[in-house]
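**Q** Pasting protein-v3.cif below, which is mmCIF, C-alpha atoms and all ligand atoms.
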data_model
#
loop_
_atom_site.group_PDB
_atom_site.id
_atom_site.type_symbol
_atom_site.label_atom_id
_atom_site.label_comp_id
_atom_site.auth_asym_id
_atom_site.auth_seq_id
_atom_site.Cartn_x
_atom_site.Cartn_y
_atom_site.Cartn_z
ATOM 1 C CA MET A 367 -16.474 14.596 -8.364
ATOM 2 C CA LEU A 368 -14.983 17.245 -10.639
ATOM 3 C CA LEU A 369 -11.969 16.076 -12.609
ATOM 4 C CA LYS A 370 -9.872 18.973 -11.347
ATOM 5 C CA LYS A 371 -10.530 17.950 -7.739
ATOM 6 C CA ILE A 372 -9.190 14.460 -8.427
ATOM 7 C CA ILE A 373 -6.110 15.854 -10.164
ATOM 8 C CA ALA A 374 -5.520 18.461 -7.439
ATOM 9 C CA LYS A 375 -4.757 15.643 -4.989
ATOM 10 C CA LYS A 376 -1.955 14.363 -7.235
ATOM 11 C CA GLU A 377 1.552 15.483 -8.088
ATOM 12 C CA GLY A 378 2.033 13.602 -11.333
ATOM 13 C CA LEU A 379 0.070 12.426 -14.354
ATOM 14 C CA LEU A 380 0.554 9.480 -16.683
ATOM 15 C CA ILE A 381 -1.312 10.224 -19.896
ATOM 16 C CA ASP A 382 -1.953 7.919 -22.813
ATOM 17 C CA ILE A 383 -1.443 9.739 -26.136
ATOM 18 C CA GLU A 384 -3.923 8.379 -28.677
ATOM 19 C CA GLY A 385 -7.416 8.864 -27.307
ATOM 20 C CA PRO A 386 -6.875 11.312 -24.451
ATOM 21 C CA LEU A 387 -4.660 13.907 -26.203
ATOM 22 C CA VAL A 388 -4.987 13.322 -29.947
ATOM 23 C CA SER A 389 -7.302 11.160 -32.025
ATOM 24 C CA ARG A 390 -4.309 9.656 -33.872
ATOM 25 C CA ILE A 391 -0.622 10.478 -33.731
ATOM 26 C CA GLU A 392 -0.449 10.852 -37.512
ATOM 27 C CA GLY A 393 -3.154 12.676 -39.416
ATOM 28 C CA GLY A 394 -5.318 13.089 -36.329
ATOM 29 C CA ASN A 395 -6.532 16.061 -34.360
ATOM 30 C CA VAL A 396 -5.806 17.395 -30.910
ATOM 31 C CA TYR A 397 -8.577 17.548 -28.307
ATOM 32 C CA SER A 398 -9.135 21.071 -26.996
ATOM 33 C CA ASP A 399 -10.243 19.866 -23.545
ATOM 34 C CA ALA A 400 -6.866 18.111 -23.205
ATOM 35 C CA LEU A 401 -5.048 21.352 -24.035
ATOM 36 C CA THR A 402 -7.104 23.173 -21.388
ATOM 37 C CA LEU A 403 -6.360 20.497 -18.812
ATOM 38 C CA LEU A 404 -2.609 20.550 -19.486
ATOM 39 C CA LYS A 405 -2.575 24.342 -19.220
ATOM 40 C CA GLU A 406 -4.391 24.311 -15.901
ATOM 41 C CA PHE A 407 -2.098 21.656 -14.414
ATOM 42 C CA SER A 408 1.193 22.707 -16.005
ATOM 43 C CA ASP A 409 2.928 22.543 -12.608
ATOM 44 C CA LEU A 410 2.419 18.753 -12.340
ATOM 45 C CA LYS A 411 5.024 16.228 -13.420
ATOM 46 C CA ILE A 412 3.818 14.485 -16.576
ATOM 47 C CA ALA A 413 4.839 11.356 -18.461
ATOM 48 C CA LEU A 414 3.166 10.165 -21.636
ATOM 49 C CA LEU A 415 2.551 6.440 -21.522
ATOM 50 C CA THR A 416 2.182 4.905 -24.956
ATOM 51 C CA ASN A 417 2.343 1.479 -26.557
ATOM 52 C CA ILE A 418 3.487 3.087 -29.808
ATOM 53 C CA ALA A 419 7.098 1.983 -30.194
ATOM 54 C CA ARG A 420 7.559 1.697 -33.944
ATOM 55 C CA LYS A 421 8.076 5.471 -33.877
ATOM 56 C CA SER A 422 10.816 6.704 -31.533
ATOM 57 C CA SER A 423 10.125 8.871 -28.485
ATOM 58 C CA ARG A 424 11.859 11.757 -30.248
ATOM 59 C CA TYR A 425 9.590 11.383 -33.278
ATOM 60 C CA ILE A 426 6.501 11.268 -31.047
ATOM 61 C CA SER A 427 7.650 14.370 -29.169
ATOM 62 C CA LYS A 428 8.270 16.212 -32.451
ATOM 63 C CA THR A 429 4.909 15.160 -33.888
ATOM 64 C CA LEU A 430 3.017 16.211 -30.761
ATOM 65 C CA SER A 431 4.563 19.684 -30.923
ATOM 66 C CA LYS A 432 2.789 20.176 -34.258
ATOM 67 C CA TYR A 433 -0.470 19.741 -32.333
ATOM 68 C CA GLY A 434 0.578 22.378 -29.783
ATOM 69 C CA LEU A 435 1.515 19.700 -27.230
ATOM 70 C CA ASN A 436 5.004 20.342 -25.884
ATOM 71 C CA PHE A 437 6.690 17.357 -24.311
ATOM 72 C CA MET A 438 10.346 16.393 -24.265
ATOM 73 C CA SER A 439 11.246 13.006 -25.704
ATOM 74 C CA ASN A 440 12.278 11.795 -22.228
ATOM 75 C CA GLN A 441 8.659 12.331 -21.133
ATOM 76 C CA VAL A 442 7.509 9.792 -23.721
ATOM 77 C CA ILE A 443 7.590 6.379 -22.050
ATOM 78 C CA ASN A 444 7.224 3.546 -24.574
ATOM 79 C CA PRO A 445 7.733 -0.248 -24.606
ATOM 80 C CA THR A 446 11.284 0.123 -25.964
ATOM 81 C CA LYS A 447 12.400 2.126 -22.929
ATOM 82 C CA ALA A 448 10.624 -0.321 -20.615
ATOM 83 C CA ALA A 449 12.418 -3.246 -22.270
ATOM 84 C CA ILE A 450 15.813 -1.537 -22.017
ATOM 85 C CA ASN A 451 15.656 -0.338 -18.411
ATOM 86 C CA GLN A 452 13.323 -2.842 -16.764
ATOM 87 C CA VAL A 453 14.302 -6.066 -18.544
ATOM 88 C CA LEU A 454 17.680 -5.855 -20.332
ATOM 89 C CA GLY A 455 19.247 -3.548 -17.732
ATOM 90 C CA LYS A 456 18.091 -5.585 -14.751
ATOM 91 C CA GLU A 457 18.090 -9.203 -15.853
ATOM 92 C CA PHE A 458 20.966 -9.522 -18.326
ATOM 93 C CA SER A 459 24.706 -9.209 -17.964
ATOM 94 C CA ARG A 460 26.352 -6.526 -20.038
ATOM 95 C CA PRO A 461 27.001 -6.045 -22.861
ATOM 96 C CA VAL A 462 23.655 -7.408 -24.052
ATOM 97 C CA ARG A 463 23.512 -8.704 -27.610
ATOM 98 C CA VAL A 464 20.085 -8.153 -29.114
ATOM 99 C CA TYR A 465 18.490 -9.096 -32.395
ATOM 100 C CA LEU A 466 16.043 -6.318 -33.187
ATOM 101 C CA ILE A 467 13.064 -6.757 -35.475
ATOM 102 C CA SER A 468 11.870 -3.251 -36.267
ATOM 103 C CA GLU A 469 10.535 -0.897 -38.877
ATOM 104 C CA GLY A 470 13.137 1.627 -37.738
ATOM 105 C CA GLY A 471 11.894 3.769 -34.849
ATOM 106 C CA HIS A 472 13.021 1.413 -32.085
ATOM 107 C CA TYR A 473 16.678 1.888 -33.077
ATOM 108 C CA GLU A 474 16.627 5.525 -32.065
ATOM 109 C CA ASP A 475 15.592 4.726 -28.500
ATOM 110 C CA ILE A 476 18.147 1.893 -28.182
ATOM 111 C CA ILE A 477 21.376 3.147 -29.760
ATOM 112 C CA ILE A 478 22.041 5.700 -27.010
ATOM 113 C CA PHE A 479 22.783 2.794 -24.643
ATOM 114 C CA ASP A 480 26.371 1.708 -25.203
ATOM 115 C CA TRP A 481 25.889 -1.563 -23.305
ATOM 116 C CA ILE A 482 23.385 -2.834 -25.861
ATOM 117 C CA ASP A 483 24.778 -4.280 -29.077
ATOM 118 C CA ILE A 484 22.278 -4.530 -31.909
ATOM 119 C CA VAL A 485 23.645 -7.441 -33.919
ATOM 120 C CA ARG A 486 22.611 -9.705 -36.780
ATOM 121 C CA ASN A 487 24.624 -12.776 -35.811
ATOM 122 C CA GLU A 488 24.813 -15.241 -32.937
ATOM 123 C CA PRO A 489 25.155 -15.444 -30.025
ATOM 124 C CA ILE A 490 21.964 -13.539 -29.208
ATOM 125 C CA ASP A 491 20.851 -12.821 -25.630
ATOM 126 C CA ALA A 492 17.446 -11.366 -26.464
ATOM 127 C CA ILE A 493 15.128 -10.973 -29.419
ATOM 128 C CA LEU A 494 13.479 -7.570 -29.343
ATOM 129 C CA LEU A 495 10.348 -7.966 -31.420
ATOM 130 C CA GLY A 496 8.809 -4.711 -32.544
ATOM 131 C CA ALA A 497 6.280 -3.865 -35.225
ATOM 132 C CA ASN A 498 7.753 -4.319 -38.678
ATOM 133 C CA ARG A 499 5.537 -4.363 -41.718
ATOM 134 C CA ASN A 500 8.450 -5.487 -43.873
ATOM 135 C CA ILE A 501 9.279 -8.524 -41.734
ATOM 136 C CA THR A 502 10.783 -11.431 -43.667
ATOM 137 C CA TYR A 503 10.754 -15.191 -43.246
ATOM 138 C CA GLN A 504 14.526 -15.071 -42.697
ATOM 139 C CA GLU A 505 14.190 -12.646 -39.790
ATOM 140 C CA LEU A 506 11.423 -14.609 -38.144
ATOM 141 C CA ASN A 507 13.243 -17.897 -38.563
ATOM 142 C CA PHE A 508 16.551 -16.517 -37.267
ATOM 143 C CA ALA A 509 14.674 -15.302 -34.180
ATOM 144 C CA PHE A 510 13.095 -18.748 -33.858
ATOM 145 C CA ARG A 511 16.505 -20.493 -33.964
ATOM 146 C CA CYS A 512 17.961 -18.108 -31.384
ATOM 147 C CA ILE A 513 15.026 -18.699 -29.040
ATOM 148 C CA LEU A 514 15.568 -22.457 -29.357
ATOM 149 C CA LYS A 515 19.153 -21.835 -28.226
ATOM 150 C CA GLY A 516 18.016 -19.853 -25.193
ATOM 151 C CA ALA A 517 17.559 -16.244 -26.338
ATOM 152 C CA LYS A 518 14.726 -14.472 -24.501
ATOM 153 C CA LEU A 519 11.811 -13.136 -26.528
ATOM 154 C CA VAL A 520 10.866 -9.577 -25.519
ATOM 155 C CA VAL A 521 7.867 -8.045 -27.282
ATOM 156 C CA LEU A 522 7.837 -4.264 -27.705
ATOM 157 C CA GLY A 523 4.087 -3.754 -27.396
ATOM 158 C CA GLY A 524 1.899 -6.718 -28.186
ATOM 159 C CA ASP A 525 -0.996 -5.625 -30.388
ATOM 160 C CA LEU A 526 -2.080 -8.431 -32.709
ATOM 161 C CA TRP A 527 -3.077 -5.936 -35.374
ATOM 162 C CA THR A 528 -3.761 -2.303 -35.866
ATOM 163 C CA TYR A 529 -5.421 -0.078 -38.397
ATOM 164 C CA GLY A 530 -2.866 1.893 -40.344
ATOM 165 C CA SER A 531 -1.555 3.013 -43.677
ATOM 166 C CA GLN A 532 1.713 2.368 -45.458
ATOM 167 C CA TYR A 533 2.616 3.226 -49.048
ATOM 168 C CA ARG A 534 -0.952 4.575 -49.464
ATOM 169 C CA ASP A 535 -2.377 1.184 -48.563
ATOM 170 C CA GLU A 536 -4.858 1.715 -45.758
ATOM 171 C CA GLY A 537 -6.334 -1.110 -43.699
ATOM 172 C CA PRO A 538 -5.673 -3.585 -40.893
ATOM 173 C CA TYR A 539 -2.023 -4.598 -40.439
ATOM 174 C CA LEU A 540 -0.642 -7.556 -38.492
ATOM 175 C CA MET A 541 1.533 -6.268 -35.658
ATOM 176 C CA GLU A 542 4.313 -7.585 -33.398
ATOM 177 C CA GLY A 543 1.865 -9.455 -31.139
ATOM 178 C CA ALA A 544 0.842 -11.736 -33.996
ATOM 179 C CA PHE A 545 4.443 -12.702 -34.790
ATOM 180 C CA ALA A 546 5.141 -13.151 -31.084
ATOM 181 C CA LYS A 547 2.363 -15.758 -30.999
ATOM 182 C CA VAL A 548 3.964 -17.611 -33.913
ATOM 183 C CA LEU A 549 7.324 -17.730 -32.106
ATOM 184 C CA GLU A 550 5.767 -18.661 -28.760
ATOM 185 C CA GLU A 551 3.810 -21.524 -30.309
ATOM 186 C CA ALA A 552 6.621 -22.849 -32.457
ATOM 187 C CA ALA A 553 9.383 -22.610 -29.864
ATOM 188 C CA GLY A 554 7.193 -23.534 -26.895
ATOM 189 C CA VAL A 555 8.174 -20.474 -24.876
ATOM 190 C CA LYS A 556 6.358 -17.584 -23.239
ATOM 191 C CA ALA A 557 7.325 -14.145 -24.477
ATOM 192 C CA ARG A 558 7.857 -11.181 -22.211
ATOM 193 C CA TYR A 559 5.419 -8.390 -23.108
ATOM 194 C CA VAL A 560 6.563 -5.009 -21.832
ATOM 195 C CA GLY A 561 3.810 -2.664 -23.074
ATOM 196 C CA LYS A 562 0.666 -1.596 -21.191
ATOM 197 C CA PRO A 563 -1.024 -3.194 -19.237
ATOM 198 C CA ASN A 564 2.167 -4.965 -18.080
ATOM 199 C CA ARG A 565 4.082 -3.651 -15.122
ATOM 200 C CA GLU A 566 7.455 -2.919 -16.792
ATOM 201 C CA ILE A 567 6.243 0.164 -18.629
ATOM 202 C CA PHE A 568 4.415 1.483 -15.555
ATOM 203 C CA ILE A 569 7.523 1.023 -13.389
ATOM 204 C CA GLU A 570 9.540 2.852 -16.038
ATOM 205 C CA ALA A 571 7.072 5.765 -15.905
ATOM 206 C CA ILE A 572 6.863 5.839 -12.100
ATOM 207 C CA ASN A 573 10.673 5.918 -11.909
ATOM 208 C CA PHE A 574 10.721 8.790 -14.368
ATOM 209 C CA LEU A 575 8.175 10.804 -12.358
ATOM 210 C CA ASN A 576 9.994 9.860 -9.145
ATOM 211 C CA LEU A 577 6.783 10.048 -7.111
ATOM 212 C CA PRO A 578 4.968 7.616 -4.825
ATOM 213 C CA LYS A 579 2.149 5.748 -6.580
ATOM 214 C CA GLU A 580 -0.527 7.453 -4.467
ATOM 215 C CA LYS A 581 0.533 10.787 -5.930
ATOM 216 C CA ILE A 582 0.094 9.677 -9.544
ATOM 217 C CA LEU A 583 -3.047 9.584 -11.719
ATOM 218 C CA MET A 584 -3.314 7.648 -14.985
ATOM 219 C CA ILE A 585 -5.520 9.105 -17.729
ATOM 220 C CA GLY A 586 -6.350 6.762 -20.585
ATOM 221 C CA ASP A 587 -9.029 5.747 -23.059
ATOM 222 C CA SER A 588 -8.382 1.994 -23.141
ATOM 223 C CA VAL A 589 -9.924 -0.205 -20.468
ATOM 224 C CA LYS A 590 -7.720 -3.195 -21.343
ATOM 225 C CA THR A 591 -4.372 -1.401 -21.354
ATOM 226 C CA ASP A 592 -4.558 1.903 -19.445
ATOM 227 C CA ILE A 593 -7.111 1.131 -16.754
ATOM 228 C CA VAL A 594 -6.252 -2.516 -16.129
ATOM 229 C CA GLY A 595 -2.552 -1.611 -16.077
ATOM 230 C CA ALA A 596 -3.104 1.159 -13.525
ATOM 231 C CA CYS A 597 -5.184 -1.217 -11.387
ATOM 232 C CA LEU A 598 -2.554 -3.946 -11.453
ATOM 233 C CA ILE A 599 0.221 -1.578 -10.403
ATOM 234 C CA GLY A 600 -1.943 0.290 -7.869
ATOM 235 C CA ILE A 601 -2.379 3.740 -9.414
ATOM 236 C CA ASP A 602 -5.665 5.678 -9.484
ATOM 237 C CA ALA A 603 -7.015 6.148 -12.988
ATOM 238 C CA VAL A 604 -9.512 8.078 -15.078
ATOM 239 C CA LEU A 605 -11.104 6.489 -18.140
ATOM 240 C CA ILE A 606 -11.838 9.111 -20.763
ATOM 241 C CA ASP A 607 -14.730 7.852 -22.889
ATOM 242 C CA ARG A 608 -15.513 10.526 -25.488
ATOM 243 C CA VAL A 609 -17.876 8.350 -27.502
ATOM 244 C CA GLY A 610 -19.654 6.952 -24.473
ATOM 245 C CA ASN A 611 -19.596 3.206 -25.112
ATOM 246 C CA LYS A 612 -16.997 1.915 -22.628
ATOM 247 C CA ASP A 613 -19.021 1.883 -19.428
ATOM 248 C CA VAL A 614 -20.031 -1.769 -19.636
ATOM 249 C CA GLU A 615 -16.562 -2.951 -20.660
ATOM 250 C CA LEU A 616 -15.063 -1.073 -17.724
ATOM 251 C CA ARG A 617 -17.421 -2.596 -15.167
ATOM 252 C CA GLU A 618 -17.011 -6.104 -16.568
ATOM 253 C CA LEU A 619 -13.227 -5.977 -16.589
ATOM 254 C CA LEU A 620 -12.978 -4.495 -13.136
ATOM 255 C CA ARG A 621 -15.177 -7.256 -11.788
ATOM 256 C CA ASP A 622 -12.634 -9.818 -13.009
ATOM 257 C CA ILE A 623 -9.484 -8.340 -11.505
ATOM 258 C CA SER A 624 -8.694 -7.216 -8.011
ATOM 259 C CA CYS A 625 -8.200 -3.488 -8.058
ATOM 260 C CA LYS A 626 -7.157 -1.517 -5.019
ATOM 261 C CA SER A 627 -6.963 1.838 -6.749
ATOM 262 C CA ASP A 628 -9.773 4.322 -7.419
ATOM 263 C CA ILE A 629 -11.165 4.339 -10.937
ATOM 264 C CA TYR A 630 -13.148 7.234 -12.382
ATOM 265 C CA TYR A 631 -15.127 7.611 -15.577
ATOM 266 C CA THR A 632 -15.480 10.807 -17.579
ATOM 267 C CA ARG A 633 -16.795 11.879 -20.969
ATOM 268 C CA SER A 634 -14.502 14.903 -21.265
ATOM 269 C CA LEU A 635 -11.108 16.045 -19.997
ATOM 270 C CA GLY A 636 -12.291 19.595 -19.342
ATOM 271 C CA PRO A 637 -11.115 20.401 -15.805
ATOM 272 C CA SER A 638 -14.702 21.177 -14.778
ATOM 273 C CA SER A 639 -16.205 17.999 -16.199
ATOM 274 C CA GLU A 640 -17.996 15.652 -13.826
ATOM 275 C CA THR A 641 -16.443 12.238 -13.228
ATOM 276 C CA ARG A 642 -18.088 9.188 -11.829
ATOM 277 C CA LYS A 643 -16.280 6.898 -9.405
ATOM 278 C CA ILE A 644 -16.709 3.312 -10.502
ATOM 279 C CA THR A 645 -17.698 0.901 -7.805
ATOM 280 C CA TYR A 646 -16.794 -2.593 -8.896
ATOM 281 C CA LYS A 647 -17.230 -4.674 -5.786
ATOM 282 C CA TYR A 648 -20.775 -5.948 -6.021
HETATM 283 MG MG MG B 701 -5.296 5.208 -26.294
#
Have the structure of the file written as C-alpha cells, please.
Ligand SMILES: [Mg+2]
**A**
Amino acid sequence: MLLKKIIAKKEGLLIDIEGPLVSRIEGGNVYSDALTLLKEFSDLKIALLTNIARKSSRYISKTLSKYGLNFMSNQVINPTKAAINQVLGKEFSRPVRVYLISEGGHYEDIIIFDWIDIVRNEPIDAILLGANRNITYQELNFAFRCILKGAKLVVLGGDLWTYGSQYRDEGPYLMEGAFAKVLEEAAGVKARYVGKPNREIFIEAINFLNLPKEKILMIGDSVKTDIVGACLIGIDAVLIDRVGNKDVELRELLRDISCKSDIYYTRSLGPSSETRKITYKY
C-alpha cells in the first residue's frame, strides 16, 4: 500500500526525530522525503516523539528549525514531560521534591511547573535520572541513599550508552540507563523508565494530540523503541528503514510480543513510496 494511503486514514502522526526526519539532531542532515511528507500532510496534528531528553524541548524545536522543520516546543514530547505529567503529576502528592541528575537540558522542561521543587537536600520524593556526562560519585551516592529511604527512581530515557561528542572527544558515552542499573542493583529496586517503548511517553503524546488511538500513526526507525512501543499501546506504525537491514529484526521482535496494531515497512518516507504490511502471526 502507498504510504500516503495509510496516512490519509489518520488524523495525527507521532514521528521519531533521529532517523525519520534528520540523521542526527546535531551536525546531521535533514531527509528530503520527510520534508515532502510533512508538506503534503500539513493539516494533520503532529507530535515528535523522542527519547532525547538531555536537550530541552525548546532546544530541539530551535535546532529543527535550522533544518527547515518547524515545530513548536510543545510538539516535542520527551521523557522529561512524560515523567512530569504521567508519573509525578499522577502518583505523587504536591509539591514534589525531586533530585535531578542532569547535564542541563532537563531543567528547562521542569522549571515551568511550580509544584515541582528541584532540590539538593532531603527529603526527596523522586530521583529524576537523566543523562549527565559529568556525573559524580557524590551525586550517585546521594541518589542511592535517598532510594534506600524510599525515594522513587525515575529514569528519563534509559539508553545504556550512545555515540556522541563532548569537548571534542568523540566516541561511545555511558548514558542514564547504565547508572540506573547501578542504582537498581545496589538498592534492590526497580526503576521506572518513562522513555519509548514504555507507555508513559506514548500516553503523553496521545493526550497532546487529543485523538483516539485508531486515528494516530507512529513513524519511527527503531524496532525496539518506536515499533514495539506503538504495538504495546495499540497504535499503527510504519518502520522507516533507509539502509534496509531491519526487516529480520522487525519480524523477530513482532513474533515475541502480542501486537494488535498494523505494522508497515518502508524504505522511504516519500508519500508515493510503497509500504509492506508486516504479517507476524505465523
Ligand atoms: Mg530514531
**Q** Report as a Markdown table: every residue of chain A with an atom at most 10 Å from ligand MG 701 (chain B), its closest pair of atoms, and their distance in Å to one decimal, counting all atoms listed in the file, with rows sorted by chain and ascending residue number.
**A**
| residue | atom | partner | partner_atom | distance |
| --- | --- | --- | --- | --- |
| A:Ile381 | CA | B:MG701 | MG | 9.1 |
| A:Asp382 | CA | B:MG701 | MG | 5.5 |
| A:Ile383 | CA | B:MG701 | MG | 5.9 |
| A:Glu384 | CA | B:MG701 | MG | 4.2 |
| A:Gly385 | CA | B:MG701 | MG | 4.3 |
| A:Pro386 | CA | B:MG701 | MG | 6.6 |
| A:Leu387 | CA | B:MG701 | MG | 8.7 |
| A:Val388 | CA | B:MG701 | MG | 8.9 |
| A:Ser389 | CA | B:MG701 | MG | 8.5 |
| A:Arg390 | CA | B:MG701 | MG | 8.8 |
| A:Leu415 | CA | B:MG701 | MG | 9.3 |
| A:Thr416 | CA | B:MG701 | MG | 7.6 |
| A:Asn417 | CA | B:MG701 | MG | 8.5 |
| A:Ile418 | CA | B:MG701 | MG | 9.7 |
| A:Ile585 | CA | B:MG701 | MG | 9.4 |
| A:Gly586 | CA | B:MG701 | MG | 6.0 |
| A:Asp587 | CA | B:MG701 | MG | 5.0 |
| A:Ser588 | CA | B:MG701 | MG | 5.5 |
| A:Val589 | CA | B:MG701 | MG | 9.2 |
| A:Thr591 | CA | B:MG701 | MG | 8.3 |
| A:Asp592 | CA | B:MG701 | MG | 7.6 |
| A:Ile606 | CA | B:MG701 | MG | 9.4 |
**Q** Could the residues of range 504-543 of chain A that have an atom at most 10 Å from range 463-466 of chain A be listed as a Markdown table, each with its closest atom pair and the distance in Å to one decimal, counting only C-alpha atoms and ordered by chain and ascending residue number?
**A**
| residue | atom | partner | partner_atom | distance |
| --- | --- | --- | --- | --- |
| A:Glu505 | CA | A:Tyr465 | CA | 9.3 |
| A:Phe508 | CA | A:Tyr465 | CA | 9.1 |
| A:Ala509 | CA | A:Tyr465 | CA | 7.5 |
| A:Cys512 | CA | A:Tyr465 | CA | 9.1 |
| A:Ala517 | CA | A:Val464 | CA | 8.9 |
| A:Lys518 | CA | A:Val464 | CA | 9.5 |
| A:Leu519 | CA | A:Tyr465 | CA | 9.8 |
| A:Val520 | CA | A:Leu466 | CA | 9.8 |
**Q** Taking the file as shown, find all residues satisfying the PyMOL selection byres (((chain A and resi 562) around 8) and not hetatm) and write them as a VMD selection string.
**A** chain A and resid 416 to 417 445 523 560 to 561 563 to 565 567 to 568 591 to 592 595
**Q** Residues near Leu410 in chain A, anyone? I mean within 10 Å using all atoms listed in the file, not counting same-chain ones fewer than 6 positions away, as a count of residues only.
**A** 9
**Q** Can you tell me how far CA of Val555 in chain A sits from CA of Ile513 in chain A, in Å to one decimal?
**A**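 Straight-line distance from CA of Val555 in chain A to CA of Ile513 in chain A works out to 8.2 Å.
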**Q** Quick one: which residues end up in the PyMOL selection byres (((chain A and resi 426) around 12) and not hetatm) for this structure, as a PyMOL selection string?
**A** chain A and resi 383-384+388+390-392+414-425+427-433+435-444+471-472+474-475
